[in-house]
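*Asks:* Next up is a structure, given as structure tokens.
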Amino acid sequence: MVVVEADEYDRSFLRLHPHVAVITATDPDHLDIYGTHECMMDAFWQFAGKVDGDGMLLVKQGAFRTADGHSYHDDSASAMVEVRKLASYSASDANTDYHAENVRAHDGNILFDLVTPVKVLHDLELCGTALYNVENAVAASAVALWLGLDEDLLRRGLLTFEGVCRRFDYRIREPRMVYIDDYAHHPAELRAAISSVRFLYPGKRVVGVFQPHLFSRTRDLAAQFANALDELDEAVLLPIYPAREEPLPGVSSAMIVDLMSSGHARLCTAEEALRLVPAMDPDVVLTLGAGDIDRLVAPMEQTLREQLL
């Protein structure tokens, strides 16, 4: 068995022919490739149609709905119902086949009950991870159970999962200071990371450092980025990481700052952030982005640890 993270960028996921597929999100992205959200959704319909007829297709609730709540329709949509097992999941929606209930934090861990079409698995536990991983755990558990995994092995697997680098990656986890690094570079991902911190550390002062990724993504989603970053107590924005793109006239990180309503956002370089963030007296620090912000992580950790001495 091979497990692959399929990427819709450049339509490369359409080369796959999975036995089991999970569609986790269809938020508008990579519009430099697709042009419109509708074209991107067409590609997801095609991907759904490539699942084996005797396989499983698990879709996040609402993934195939428009912003106004209507379903997307396409000639290839009928292919979705040809798989033997078509199921829905969510973090909390009781109208789905698989979902979580009674989600709570306990000593930095997250416990939840998993509701399946067959039974409820009580008190599943995730160790030191983000709230958004409850949703991921629901999806992974649904697939594992469908493939025949034993319930005890499922519990053990969830509890011992240590996460991956740059996905809600704890760099400091002390009573006086928490520092988490996350690859989030889309507004939905920023909201997920920040809401996880708010859930795990209620009432704490949260400072985030964000490096936008791509000029086109910043241009297309500036308002959504601003809305997500407004949930921080302080937001520090670095210059845009261009990746494969040339600069676009008038597009910069300042577009996001100008649209924020909190009044607690500023622009700086990575070097300046090393001095600025500790001076903000944070309880929790988040570094966010998919560019070369990873080069900031080690020096930021060292600087914050020195502050703890």
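Chains: A, B, ... in order of the structure tokens. Residues: from 1 per chain. Ligands: from 1, in order shown.
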As a list in words, please: the residues near stretch 88-105 of chain A (cut-off 7 Å, only C-alpha atoms, same-chain neighbours under 2 positions excluded).
*Replies:*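 The contact residues come out as Leu58, Val59, Lys60, Gln61, Asp107, Gly108, Asn109, Ile110, Leu111, Phe112, Asp113, Leu114, Val115, Thr116, Pro117, Val134, Glu135, Val138, Ala139, Ala142 and Leu200 of chain A.
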*Asks:* So which residues touch A:Thr218 within 10 Å, counting only C-alpha atoms, skipping near sequence neighbours fewer than 4 positions away, as a ChimeraX atom specification?
*Replies:* /A:185-187,212-214,222-225,240,251-253,255-256
*Asks:* Limited to N, CA and C atoms, could you put the picked residues into a file as a short mmCIF file (atom, residue, chain, number, x, y, z; two decimals), in the first residue's frame?
*Replies:*
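Done, and the output landed in selection18.cif:
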```
data_model
loop_
_atom_site.label_atom_id
_atom_site.label_comp_id
_atom_site.auth_asym_id
_atom_site.auth_seq_id
_atom_site.Cartn_x
_atom_site.Cartn_y
_atom_site.Cartn_z
N HIS A 185 -0.09 28.76 4.47
CA HIS A 185 0.14 29.83 3.51
C HIS A 185 -1.13 30.19 2.72
N HIS A 186 -2.25 29.67 3.14
CA HIS A 186 -3.55 30.00 2.57
C HIS A 186 -4.42 30.52 3.71
N PRO A 187 -5.33 31.45 3.44
CA PRO A 187 -6.15 32.00 4.53
C PRO A 187 -6.85 30.94 5.39
N PRO A 212 3.83 36.03 3.29
CA PRO A 212 2.97 35.64 2.16
C PRO A 212 3.78 34.89 1.10
N HIS A 213 3.11 33.97 0.42
CA HIS A 213 3.76 33.12 -0.59
C HIS A 213 3.07 33.35 -1.93
N LEU A 214 3.79 33.90 -2.87
CA LEU A 214 3.35 34.23 -4.23
C LEU A 214 2.65 35.60 -4.29
N ALA A 222 -5.96 38.78 -0.64
CA ALA A 222 -5.49 39.74 0.37
C ALA A 222 -6.53 39.97 1.47
N ALA A 223 -7.79 40.12 1.10
CA ALA A 223 -8.83 40.38 2.11
C ALA A 223 -9.00 39.20 3.05
N GLN A 224 -8.93 37.98 2.51
CA GLN A 224 -9.06 36.79 3.34
C GLN A 224 -7.86 36.64 4.27
N PHE A 225 -6.67 36.94 3.77
CA PHE A 225 -5.49 36.92 4.63
C PHE A 225 -5.65 37.91 5.79
N ILE A 240 6.82 39.46 0.61
CA ILE A 240 6.29 38.30 -0.12
C ILE A 240 7.43 37.43 -0.62
N VAL A 251 1.54 45.01 -5.78
CA VAL A 251 1.25 43.88 -4.90
C VAL A 251 2.39 43.70 -3.91
N SER A 252 2.08 43.78 -2.62
CA SER A 252 3.08 43.60 -1.56
C SER A 252 2.36 43.18 -0.29
N SER A 253 3.11 42.88 0.73
CA SER A 253 2.52 42.52 2.03
C SER A 253 1.72 43.66 2.61
N MET A 255 -0.51 45.27 1.20
CA MET A 255 -1.92 45.12 0.81
C MET A 255 -2.71 44.46 1.93
N ILE A 256 -2.11 43.46 2.56
CA ILE A 256 -2.78 42.74 3.63
C ILE A 256 -2.91 43.62 4.87
#
```
*Asks:* Any idea what the distance is between atom CA of A:Arg219 and atom CA of A:Glu246?
*Replies:*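 Distance between the two atoms: 13.0 Å.
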*Asks:* Please, which residues of stretch 12-209 of chain A, numbered as in this document, come out helix (DSSP H, G or I) from DSSP, as a PDB file with C-alpha atoms, in the first residue's frame?
*Replies:*
```pdb
ATOM      1  CA  SER A  12      -0.635  16.620 -11.342  1.00  0.00           C
ATOM      2  CA  PHE A  13      -3.155  14.780  -9.144  1.00  0.00           C
ATOM      3  CA  LEU A  14      -5.085  13.817 -12.259  1.00  0.00           C
ATOM      4  CA  ARG A  15      -2.306  11.340 -13.073  1.00  0.00           C
ATOM      5  CA  LEU A  31      -5.603  30.503  -9.554  1.00  0.00           C
ATOM      6  CA  ASP A  32      -2.434  31.324 -11.481  1.00  0.00           C
ATOM      7  CA  ILE A  33      -2.878  27.814 -12.915  1.00  0.00           C
ATOM      8  CA  TYR A  34      -6.668  27.460 -13.108  1.00  0.00           C
ATOM      9  CA  HIS A  37     -12.350  28.586  -8.813  1.00  0.00           C
ATOM     10  CA  GLU A  38     -14.835  26.888 -11.112  1.00  0.00           C
ATOM     11  CA  CYS A  39     -12.021  25.537 -13.303  1.00  0.00           C
ATOM     12  CA  MET A  40     -10.244  24.270 -10.220  1.00  0.00           C
ATOM     13  CA  MET A  41     -13.431  22.512  -9.091  1.00  0.00           C
ATOM     14  CA  ASP A  42     -13.714  20.840 -12.497  1.00  0.00           C
ATOM     15  CA  ALA A  43     -10.301  19.299 -11.867  1.00  0.00           C
ATOM     16  CA  PHE A  44     -11.473  17.964  -8.498  1.00  0.00           C
ATOM     17  CA  TRP A  45     -14.525  16.384 -10.160  1.00  0.00           C
ATOM     18  CA  GLN A  46     -12.159  14.662 -12.579  1.00  0.00           C
ATOM     19  CA  PHE A  47      -9.984  13.445  -9.708  1.00  0.00           C
ATOM     20  CA  ALA A  48     -13.041  12.054  -7.900  1.00  0.00           C
ATOM     21  CA  ASP A  75     -20.943  15.922 -16.376  1.00  0.00           C
ATOM     22  CA  SER A  76     -18.279  13.960 -14.534  1.00  0.00           C
ATOM     23  CA  ALA A  77     -20.020  14.329 -11.180  1.00  0.00           C
ATOM     24  CA  SER A  78     -21.906  11.094 -11.700  1.00  0.00           C
ATOM     25  CA  ALA A  79     -18.584   9.273 -11.508  1.00  0.00           C
ATOM     26  CA  MET A  80     -18.485  10.039  -7.804  1.00  0.00           C
ATOM     27  CA  VAL A  81     -21.368   7.712  -7.017  1.00  0.00           C
ATOM     28  CA  GLU A  82     -19.852   4.804  -8.905  1.00  0.00           C
ATOM     29  CA  TYR A 132      -7.415  21.140  12.896  1.00  0.00           C
ATOM     30  CA  ASN A 133      -5.876  17.688  13.258  1.00  0.00           C
ATOM     31  CA  VAL A 134      -9.146  16.503  14.800  1.00  0.00           C
ATOM     32  CA  GLU A 135     -10.648  16.850  11.336  1.00  0.00           C
ATOM     33  CA  ASN A 136      -7.644  15.104   9.802  1.00  0.00           C
ATOM     34  CA  ALA A 137      -7.881  12.355  12.420  1.00  0.00           C
ATOM     35  CA  VAL A 138     -11.548  11.802  11.572  1.00  0.00           C
ATOM     36  CA  ALA A 139     -10.654  11.334   7.911  1.00  0.00           C
ATOM     37  CA  ALA A 140      -7.672   9.084   8.604  1.00  0.00           C
ATOM     38  CA  SER A 141      -9.699   7.008  11.069  1.00  0.00           C
ATOM     39  CA  ALA A 142     -12.564   6.591   8.606  1.00  0.00           C
ATOM     40  CA  VAL A 143     -10.208   5.221   5.963  1.00  0.00           C
ATOM     41  CA  ALA A 144      -8.322   3.034   8.454  1.00  0.00           C
ATOM     42  CA  LEU A 145     -11.524   1.497   9.818  1.00  0.00           C
ATOM     43  CA  TRP A 146     -12.873   0.901   6.293  1.00  0.00           C
ATOM     44  CA  GLU A 151      -9.773  -0.197  17.003  1.00  0.00           C
ATOM     45  CA  ASP A 152      -6.959  -0.624  19.540  1.00  0.00           C
ATOM     46  CA  LEU A 153      -4.344  -0.064  16.845  1.00  0.00           C
ATOM     47  CA  LEU A 154      -6.229   3.013  15.700  1.00  0.00           C
ATOM     48  CA  ARG A 155      -6.180   4.462  19.205  1.00  0.00           C
ATOM     49  CA  ARG A 156      -2.481   3.741  19.573  1.00  0.00           C
ATOM     50  CA  GLY A 157      -1.696   5.250  16.198  1.00  0.00           C
ATOM     51  CA  LEU A 158      -3.523   8.491  16.917  1.00  0.00           C
ATOM     52  CA  LEU A 159      -1.946   8.883  20.355  1.00  0.00           C
ATOM     53  CA  THR A 160       1.596   8.248  19.155  1.00  0.00           C
ATOM     54  CA  PRO A 187      -6.154  32.002   4.532  1.00  0.00           C
ATOM     55  CA  ALA A 188      -8.036  28.833   5.537  1.00  0.00           C
ATOM     56  CA  GLU A 189      -4.783  27.336   6.845  1.00  0.00           C
ATOM     57  CA  LEU A 190      -3.951  30.497   8.786  1.00  0.00           C
ATOM     58  CA  ARG A 191      -7.380  30.448  10.417  1.00  0.00           C
ATOM     59  CA  ALA A 192      -6.935  26.777  11.308  1.00  0.00           C
ATOM     60  CA  ALA A 193      -3.534  27.328  12.930  1.00  0.00           C
ATOM     61  CA  ILE A 194      -4.575  30.443  14.831  1.00  0.00           C
ATOM     62  CA  SER A 195      -7.874  28.962  16.037  1.00  0.00           C
ATOM     63  CA  SER A 196      -5.959  25.906  17.264  1.00  0.00           C
ATOM     64  CA  VAL A 197      -3.725  28.135  19.363  1.00  0.00           C
ATOM     65  CA  ARG A 198      -6.741  29.956  20.753  1.00  0.00           C
ATOM     66  CA  PHE A 199      -8.355  26.620  21.648  1.00  0.00           C
ATOM     67  CA  LEU A 200      -5.268  25.193  23.336  1.00  0.00           C
TER      68      LEU A 200
END
```
*Asks:* Neighbours of A:Val257 within 10 Å (only C-alpha atoms; same-chain residues fewer than 3 positions away dropped), as a PyMOL selection string?
*Replies:* chain A and resi 222-223+225-226+229-230+235-237+252-254+260-267
*Asks:* At what distance in Å, to one decimal, does atom CA of A:Thr26 lie from atom CA of A:Asp182?
*Replies:*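 Computing it gives 20.0 Å between the two atoms.
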*Asks:* For the strand (DSSP E) assignment from backbone DSSP, which residues of stretch 131-174 of chain A qualify? Please present them as a ChimeraX atom specification.
*Replies:* /A:169-174
*Asks:* Compare A:Pro18, A:Gly62, A:Pro282, A:Gly35 by their minimum atom-to-atom distance to A:Arg205, counting only C-alpha atoms, and give me the closest one.
*Replies:* A:Pro282
*Asks:* With only C-alpha atoms as the basis for distance, which of A:Leu274, A:Ala184, A:Leu131, A:Val164 is at the shortest distance from A:Tyr201?
*Replies:*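 When distances to A:Tyr201 are compared using only C-alpha atoms, the smallest one comes from A:Leu131.
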*Asks:* Do you know which residues are at most 7 Å from A:Val206 counting only C-alpha atoms, after dropping those on the same chain fewer than 5 positions away, and could you put them as a list in words?
*Replies:*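 Once the adjacent positions are removed, what remains is Leu232, Asp233, Glu234, Pro282, Asp283, Val284 and Val285 of chain A.
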*Asks:* Out of A:Val4, A:Val51, A:Val118, A:Leu221, which residue has the shortest atom-to-atom distance to A:Pro28 when counting only C-alpha atoms?
*Replies:*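 Among A:Val4, A:Val51, A:Val118, A:Leu221, it is A:Leu221 that comes nearest to A:Pro28.
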*Asks:* Counting only C-alpha atoms, what is within 9 Å of A:Thr287, bar same-chain residues fewer than 6 positions away, as a PyMOL selection string?
*Replies:* chain A and resi 179-184+207-211+293-294+296-297
*Asks:* Output N, CA and C atoms for every residue in the selection just made, as a PDB file, in the first residue's frame.
*Replies:*
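Full text of selection-v8.pdb as output:
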```
ATOM      1  N   TYR A 179       6.268  28.329  21.326  1.00  0.00           N
ATOM      2  CA  TYR A 179       6.601  28.759  19.968  1.00  0.00           C
ATOM      3  C   TYR A 179       6.273  27.616  19.018  1.00  0.00           C
ATOM      4  N   ILE A 180       5.419  27.918  18.046  1.00  0.00           N
ATOM      5  CA  ILE A 180       4.944  26.927  17.079  1.00  0.00           C
ATOM      6  C   ILE A 180       5.229  27.442  15.675  1.00  0.00           C
ATOM      7  N   ASP A 181       5.767  26.570  14.834  1.00  0.00           N
ATOM      8  CA  ASP A 181       6.035  26.890  13.438  1.00  0.00           C
ATOM      9  C   ASP A 181       5.072  26.106  12.562  1.00  0.00           C
ATOM     10  N   ASP A 182       4.483  26.767  11.566  1.00  0.00           N
ATOM     11  CA  ASP A 182       3.480  26.108  10.726  1.00  0.00           C
ATOM     12  C   ASP A 182       3.621  26.569   9.276  1.00  0.00           C
ATOM     13  N   TYR A 183       3.420  25.631   8.378  1.00  0.00           N
ATOM     14  CA  TYR A 183       3.574  25.850   6.939  1.00  0.00           C
ATOM     15  C   TYR A 183       2.401  26.624   6.319  1.00  0.00           C
ATOM     16  N   ALA A 184       1.427  27.000   7.107  1.00  0.00           N
ATOM     17  CA  ALA A 184       0.205  27.627   6.603  1.00  0.00           C
ATOM     18  C   ALA A 184       0.513  28.790   5.668  1.00  0.00           C
ATOM     19  N   VAL A 207       1.320  36.203  19.179  1.00  0.00           N
ATOM     20  CA  VAL A 207       2.003  37.014  18.168  1.00  0.00           C
ATOM     21  C   VAL A 207       2.347  36.120  16.987  1.00  0.00           C
ATOM     22  N   GLY A 208       1.984  36.543  15.790  1.00  0.00           N
ATOM     23  CA  GLY A 208       2.250  35.749  14.593  1.00  0.00           C
ATOM     24  C   GLY A 208       3.136  36.476  13.607  1.00  0.00           C
ATOM     25  N   VAL A 209       4.056  35.737  12.999  1.00  0.00           N
ATOM     26  CA  VAL A 209       4.909  36.252  11.930  1.00  0.00           C
ATOM     27  C   VAL A 209       4.530  35.504  10.659  1.00  0.00           C
ATOM     28  N   PHE A 210       4.077  36.246   9.648  1.00  0.00           N
ATOM     29  CA  PHE A 210       3.582  35.617   8.427  1.00  0.00           C
ATOM     30  C   PHE A 210       4.348  36.124   7.215  1.00  0.00           C
ATOM     31  N   GLN A 211       4.777  35.187   6.382  1.00  0.00           N
ATOM     32  CA  GLN A 211       5.402  35.518   5.103  1.00  0.00           C
ATOM     33  C   GLN A 211       4.467  35.076   3.979  1.00  0.00           C
ATOM     34  N   ILE A 293      10.737  31.409   5.128  1.00  0.00           N
ATOM     35  CA  ILE A 293      10.578  31.744   6.534  1.00  0.00           C
ATOM     36  C   ILE A 293      11.132  30.640   7.428  1.00  0.00           C
ATOM     37  N   ASP A 294      11.303  29.439   6.862  1.00  0.00           N
ATOM     38  CA  ASP A 294      11.881  28.358   7.652  1.00  0.00           C
ATOM     39  C   ASP A 294      13.304  28.696   8.123  1.00  0.00           C
ATOM     40  N   LEU A 296      14.102  31.411   9.398  1.00  0.00           N
ATOM     41  CA  LEU A 296      13.932  32.240  10.580  1.00  0.00           C
ATOM     42  C   LEU A 296      13.672  31.414  11.835  1.00  0.00           C
ATOM     43  N   VAL A 297      13.256  30.170  11.655  1.00  0.00           N
ATOM     44  CA  VAL A 297      12.766  29.364  12.769  1.00  0.00           C
ATOM     45  C   VAL A 297      13.840  29.121  13.826  1.00  0.00           C
TER      46      VAL A 297
END
```
*Asks:* Do you have the atom CA of A:His30-atom CA of A:Asp220 distance handy?
*Replies:*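 Atom CA of A:His30 sits 9.8 Å away from atom CA of A:Asp220.
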